[in-house]
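Colleague: Next up is a structure, given as C-alpha coordinates.
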Amino acid sequence: MRTLIGFILSLALATSALAQPNNNKALEGMTQAQVVWDITNSNPGFLTVQMQVIKETYQNLKDAGLEPEMILAFHGQNVNFLTTGLETVELDQMVQVETFNKHLNKLLQLDGVKAEVCSIANRVFGVENGDIRDPLIVVGNSYVSFISLQHQGWGIIGIH
(Lines give C-alpha, C1' and ligand atoms only; values in the text may rest on other atoms or scores of the structure.)
Protein backbone atom coordinates (compact mmCIF):
# COMPACT_ATOMS: atom_id res chain seq x y z
CA MET A 1 0.00 0.00 0.00
CA ARG A 2 2.85 2.40 0.88
CA THR A 3 4.43 1.64 -2.47
CA LEU A 4 1.19 2.49 -4.27
CA ILE A 5 0.80 5.77 -2.36
CA GLY A 6 4.45 6.62 -3.07
CA PHE A 7 3.93 5.89 -6.76
CA ILE A 8 0.79 8.06 -6.91
CA LEU A 9 2.57 10.93 -5.16
CA SER A 10 5.55 10.63 -7.52
CA LEU A 11 3.23 10.61 -10.51
CA ALA A 12 1.36 13.67 -9.22
CA LEU A 13 4.60 15.58 -8.68
CA ALA A 14 5.90 14.63 -12.12
CA THR A 15 2.62 15.67 -13.76
CA SER A 16 2.57 19.04 -11.99
CA ALA A 17 6.18 19.67 -13.03
CA LEU A 18 5.13 19.12 -16.65
CA ALA A 19 2.11 21.41 -16.43
CA GLN A 20 2.19 24.23 -18.94
CA PRO A 21 2.33 27.83 -17.74
CA ASN A 22 -0.92 29.69 -18.29
CA ASN A 23 -2.49 33.11 -17.93
CA ASN A 24 -5.55 32.08 -15.93
CA LYS A 25 -4.72 34.29 -12.95
CA ALA A 26 -3.92 37.31 -15.13
CA LEU A 27 -7.18 36.99 -17.08
CA GLU A 28 -9.38 36.32 -14.06
CA GLY A 29 -12.50 38.51 -14.21
CA MET A 30 -11.75 39.91 -17.67
CA THR A 31 -14.62 40.20 -20.11
CA GLN A 32 -12.86 42.05 -22.93
CA ALA A 33 -9.37 42.42 -24.31
CA GLN A 34 -8.63 45.71 -26.06
CA VAL A 35 -5.02 46.60 -26.74
CA VAL A 36 -3.08 49.11 -28.79
CA TRP A 37 0.38 48.04 -29.87
CA ASP A 38 2.51 51.22 -29.89
CA ILE A 39 5.06 50.29 -32.56
CA THR A 40 8.06 52.59 -33.00
CA ASN A 41 10.77 49.99 -33.63
CA SER A 42 12.15 50.11 -37.17
CA ASN A 43 14.10 46.86 -37.37
CA PRO A 44 12.18 44.65 -39.83
CA GLY A 45 13.57 41.39 -38.42
CA PHE A 46 12.55 42.39 -34.89
CA LEU A 47 9.13 43.51 -36.15
CA THR A 48 8.58 40.15 -37.85
CA VAL A 49 9.13 38.37 -34.54
CA GLN A 50 6.83 40.83 -32.79
CA MET A 51 4.04 40.21 -35.36
CA GLN A 52 4.32 36.51 -34.53
CA VAL A 53 4.16 37.21 -30.77
CA ILE A 54 1.14 39.50 -31.26
CA LYS A 55 -0.61 36.75 -33.24
CA GLU A 56 0.16 34.27 -30.45
CA THR A 57 -1.18 36.77 -27.89
CA TYR A 58 -4.36 37.12 -29.95
CA GLN A 59 -4.77 33.33 -29.97
CA ASN A 60 -4.08 33.11 -26.21
CA LEU A 61 -6.88 35.61 -25.59
CA LYS A 62 -9.24 33.71 -27.92
CA ASP A 63 -8.39 30.44 -26.16
CA ALA A 64 -9.27 32.11 -22.85
CA GLY A 65 -12.75 32.91 -24.21
CA LEU A 66 -12.14 36.60 -24.94
CA GLU A 67 -12.74 38.43 -28.22
CA PRO A 68 -9.57 40.46 -28.76
CA GLU A 69 -9.65 43.90 -30.31
CA MET A 70 -6.22 45.09 -31.38
CA ILE A 71 -4.85 48.17 -33.07
CA LEU A 72 -1.31 48.08 -34.37
CA ALA A 73 -0.23 51.72 -34.30
CA PHE A 74 2.86 52.44 -36.38
CA HIS A 75 4.78 55.65 -35.86
CA GLY A 76 8.45 55.96 -36.46
CA GLN A 77 10.73 55.23 -39.37
CA ASN A 78 8.88 51.92 -39.78
CA VAL A 79 6.23 53.82 -41.80
CA ASN A 80 8.59 53.30 -44.75
CA PHE A 81 7.79 49.57 -44.53
CA LEU A 82 4.05 50.19 -44.98
CA THR A 83 3.89 51.79 -48.43
CA THR A 84 2.39 50.24 -51.54
CA GLY A 85 5.65 50.08 -53.48
CA LEU A 86 8.28 50.04 -50.71
CA GLU A 87 10.32 52.56 -52.75
CA THR A 88 12.00 54.03 -49.65
CA VAL A 89 13.21 50.66 -48.30
CA GLU A 90 16.92 49.97 -48.63
CA LEU A 91 17.67 47.03 -50.93
CA ASP A 92 19.54 45.13 -48.19
CA GLN A 93 16.40 45.28 -46.00
CA MET A 94 13.87 44.34 -48.69
CA VAL A 95 13.59 40.62 -47.90
CA GLN A 96 13.15 41.30 -44.17
CA VAL A 97 10.57 44.03 -44.86
CA GLU A 98 8.60 41.74 -47.18
CA THR A 99 8.66 39.00 -44.51
CA PHE A 100 7.46 41.51 -41.90
CA ASN A 101 4.61 42.57 -44.21
CA LYS A 102 3.61 38.95 -44.81
CA HIS A 103 3.21 38.46 -41.04
CA LEU A 104 1.45 41.80 -40.65
CA ASN A 105 -1.02 40.77 -43.39
CA LYS A 106 -1.82 37.56 -41.52
CA LEU A 107 -2.58 39.59 -38.39
CA LEU A 108 -4.79 42.02 -40.28
CA GLN A 109 -6.93 39.12 -41.50
CA LEU A 110 -7.96 38.27 -37.93
CA ASP A 111 -11.29 39.52 -36.61
CA GLY A 112 -10.88 42.63 -34.48
CA VAL A 113 -7.38 43.55 -35.69
CA LYS A 114 -6.61 46.76 -37.57
CA ALA A 115 -3.60 49.00 -38.10
CA GLU A 116 -3.03 52.74 -37.99
CA VAL A 117 -0.17 54.82 -39.33
CA CYS A 118 0.67 58.26 -37.93
CA SER A 119 0.64 61.07 -40.49
CA ILE A 120 3.22 62.98 -38.43
CA ALA A 121 5.64 60.05 -38.77
CA ASN A 122 4.87 59.94 -42.48
CA ARG A 123 5.77 63.60 -42.80
CA VAL A 124 8.94 63.32 -40.70
CA PHE A 125 10.20 60.24 -42.57
CA GLY A 126 9.23 61.35 -46.09
CA VAL A 127 6.24 59.11 -46.76
CA GLU A 128 3.16 60.42 -48.56
CA ASN A 129 -0.05 59.60 -46.70
CA GLY A 130 -1.56 58.32 -49.97
CA ASP A 131 1.30 55.82 -50.35
CA ILE A 132 0.30 53.85 -47.23
CA ARG A 133 -1.15 50.54 -48.35
CA ASP A 134 -4.62 49.22 -47.62
CA PRO A 135 -6.04 48.24 -45.21
CA LEU A 136 -3.86 50.43 -42.99
CA ILE A 137 -5.52 53.68 -41.86
CA VAL A 138 -3.61 56.96 -41.71
CA VAL A 139 -4.49 58.97 -38.58
CA GLY A 140 -3.57 62.57 -37.84
CA ASN A 141 -1.57 61.93 -34.68
CA SER A 142 -1.05 58.52 -33.04
CA TYR A 143 -0.66 60.11 -29.63
CA VAL A 144 -4.13 61.64 -29.87
CA SER A 145 -5.47 58.17 -30.77
CA PHE A 146 -3.65 56.69 -27.76
CA ILE A 147 -5.12 59.30 -25.41
CA SER A 148 -8.63 58.61 -26.67
CA LEU A 149 -8.31 54.82 -26.61
CA GLN A 150 -6.72 54.81 -23.16
CA HIS A 151 -9.61 56.97 -21.92
CA GLN A 152 -11.95 54.27 -23.30
CA GLY A 153 -10.14 51.57 -21.33
CA TRP A 154 -7.77 50.17 -23.95
CA GLY A 155 -4.36 48.97 -22.80
CA ILE A 156 -1.25 50.24 -24.55
CA ILE A 157 1.81 48.05 -25.05
CA GLY A 158 4.98 49.57 -26.46
CA ILE A 159 7.18 47.88 -29.04
CA HIS A 160 10.28 50.05 -29.12
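Chains: A, B, ... in order of the C-alpha coordinates. Residues: from 1 per chain. Ligands: from 1, in order shown.
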Would you list the contacts of A:Gly29 as a PyMOL selection string, taking every protein, DNA or RNA residue within 12 Å and counting only C-alpha atoms, but skipping same-chain residues closer than 3 positions in sequence?
Modeller: chain A and resi 23-26+32-33+64-66
Colleague: Which residues are close to A:Gly112, i.e. within 9 Å by only C-alpha atoms, leaving aside same-chain residues fewer than 4 positions away? Reply as a PyMOL selection string.
Modeller: chain A and resi 67-71+108
Colleague: Can you work out which one of A:Gly158, A:Arg123, A:Asn60, A:Gln96 has the shortest atom-to-atom distance to A:Pro21, counting only C-alpha atoms?
Modeller: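 With only C-alpha atoms as the atom set, the closest residue is A:Asn60.
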Colleague: Please provide as a PyMOL selection string all residues within 9 Å of A:Gly76, with the sequence filter that same-chain residues fewer than 6 positions apart are discarded (counting only C-alpha atoms).
Modeller: chain A and resi 39-42+118+120-122+124-125
Colleague: So how many Å separate atom CA of A:Thr84 and atom CA of A:Leu110, to one decimal?
Modeller: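 Between atom CA of A:Thr84 and atom CA of A:Leu110 the gap works out to 20.9 Å.
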Colleague: Going by DSSP on the backbone, which residues of chain A come out as strand (DSSP E or B)? List them as a ChimeraX atom specification.
Modeller: /A:33-39,68-74,83,113-118,132,137-139,155-159
Colleague: Write down as number ranges by chain the residues belonging to chain A that are assigned alpha helix (DSSP H) by DSSP computed on the backbone.
Modeller: A: 2-18, 24-27, 44-63, 94-108, 119-124, 142-151
Colleague: For a quick check of understanding, using only C-alpha atoms, which of A:Phe81, A:Tyr58, A:Phe100, A:Tyr143 has the smallest distance to A:Ile156?
Modeller: A:Tyr143
Colleague: Which residues are close to stretch 102-104 of chain A, i.e. within 10 Å by only C-alpha atoms, leaving aside same-chain residues fewer than 5 positions away? Reply as a PyMOL selection string.
Modeller: chain A and resi 47-52+54-55+72+82+96-97+109+114-115
Colleague: Those residues you just picked out, can you put them in a file as a PDB file, in the first residue's frame with N, CA and C atoms?
Modeller:
ATOM      1  N   LEU A  47      10.574  43.329 -35.957  1.00  0.00           N
ATOM      2  CA  LEU A  47       9.132  43.513 -36.147  1.00  0.00           C
ATOM      3  C   LEU A  47       8.454  42.225 -36.603  1.00  0.00           C
ATOM      4  N   THR A  48       9.142  41.435 -37.415  1.00  0.00           N
ATOM      5  CA  THR A  48       8.578  40.154 -37.846  1.00  0.00           C
ATOM      6  C   THR A  48       8.319  39.259 -36.643  1.00  0.00           C
ATOM      7  N   VAL A  49       9.305  39.170 -35.756  1.00  0.00           N
ATOM      8  CA  VAL A  49       9.135  38.367 -34.542  1.00  0.00           C
ATOM      9  C   VAL A  49       7.979  38.916 -33.704  1.00  0.00           C
ATOM     10  N   GLN A  50       7.900  40.229 -33.582  1.00  0.00           N
ATOM     11  CA  GLN A  50       6.829  40.831 -32.787  1.00  0.00           C
ATOM     12  C   GLN A  50       5.454  40.550 -33.389  1.00  0.00           C
ATOM     13  N   MET A  51       5.327  40.545 -34.716  1.00  0.00           N
ATOM     14  CA  MET A  51       4.043  40.213 -35.356  1.00  0.00           C
ATOM     15  C   MET A  51       3.635  38.796 -34.987  1.00  0.00           C
ATOM     16  N   GLN A  52       4.608  37.892 -34.911  1.00  0.00           N
ATOM     17  CA  GLN A  52       4.319  36.514 -34.532  1.00  0.00           C
ATOM     18  C   GLN A  52       3.878  36.437 -33.069  1.00  0.00           C
ATOM     19  N   ILE A  54       2.470  38.883 -31.341  1.00  0.00           N
ATOM     20  CA  ILE A  54       1.142  39.505 -31.258  1.00  0.00           C
ATOM     21  C   ILE A  54       0.081  38.506 -31.713  1.00  0.00           C
ATOM     22  N   LYS A  55       0.360  37.762 -32.772  1.00  0.00           N
ATOM     23  CA  LYS A  55      -0.605  36.746 -33.236  1.00  0.00           C
ATOM     24  C   LYS A  55      -0.806  35.670 -32.166  1.00  0.00           C
ATOM     25  N   LEU A  72      -2.754  47.962 -34.216  1.00  0.00           N
ATOM     26  CA  LEU A  72      -1.307  48.077 -34.375  1.00  0.00           C
ATOM     27  C   LEU A  72      -1.051  49.494 -34.853  1.00  0.00           C
ATOM     28  N   LEU A  82       5.499  50.361 -44.855  1.00  0.00           N
ATOM     29  CA  LEU A  82       4.051  50.189 -44.982  1.00  0.00           C
ATOM     30  C   LEU A  82       3.477  50.807 -46.256  1.00  0.00           C
ATOM     31  N   GLN A  96      13.672  41.252 -45.546  1.00  0.00           N
ATOM     32  CA  GLN A  96      13.146  41.304 -44.175  1.00  0.00           C
ATOM     33  C   GLN A  96      11.855  42.110 -44.115  1.00  0.00           C
ATOM     34  N   VAL A  97      11.775  43.207 -44.852  1.00  0.00           N
ATOM     35  CA  VAL A  97      10.569  44.034 -44.857  1.00  0.00           C
ATOM     36  C   VAL A  97       9.400  43.265 -45.483  1.00  0.00           C
ATOM     37  N   GLN A 109      -5.819  39.963 -41.066  1.00  0.00           N
ATOM     38  CA  GLN A 109      -6.934  39.116 -41.501  1.00  0.00           C
ATOM     39  C   GLN A 109      -7.764  38.607 -40.321  1.00  0.00           C
ATOM     40  N   LYS A 114      -6.815  45.755 -36.530  1.00  0.00           N
ATOM     41  CA  LYS A 114      -6.607  46.761 -37.571  1.00  0.00           C
ATOM     42  C   LYS A 114      -5.299  47.484 -37.285  1.00  0.00           C
ATOM     43  N   ALA A 115      -4.872  48.298 -38.245  1.00  0.00           N
ATOM     44  CA  ALA A 115      -3.601  49.004 -38.099  1.00  0.00           C
ATOM     45  C   ALA A 115      -3.771  50.468 -38.474  1.00  0.00           C
TER      46      ALA A 115
END
Colleague: Could you list, as number ranges by chain, every residue within 8 Å of A:Gly85, counting only C-alpha atoms and ignoring same-chain residues fewer than 2 positions away?
Modeller: A: 83, 87, 131
Colleague: Got time to write the residues from that selection, C-alpha atoms, as a short mmCIF file (atom, residue, chain, number, x, y, z; two decimals), in the first residue's frame?
Modeller:
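Output saved as again-v3.cif:
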data_model
loop_
_atom_site.label_atom_id
_atom_site.label_comp_id
_atom_site.auth_asym_id
_atom_site.auth_seq_id
_atom_site.Cartn_x
_atom_site.Cartn_y
_atom_site.Cartn_z
CA THR A 83 3.89 51.79 -48.43
CA GLU A 87 10.32 52.56 -52.75
CA ASP A 131 1.30 55.82 -50.35
#
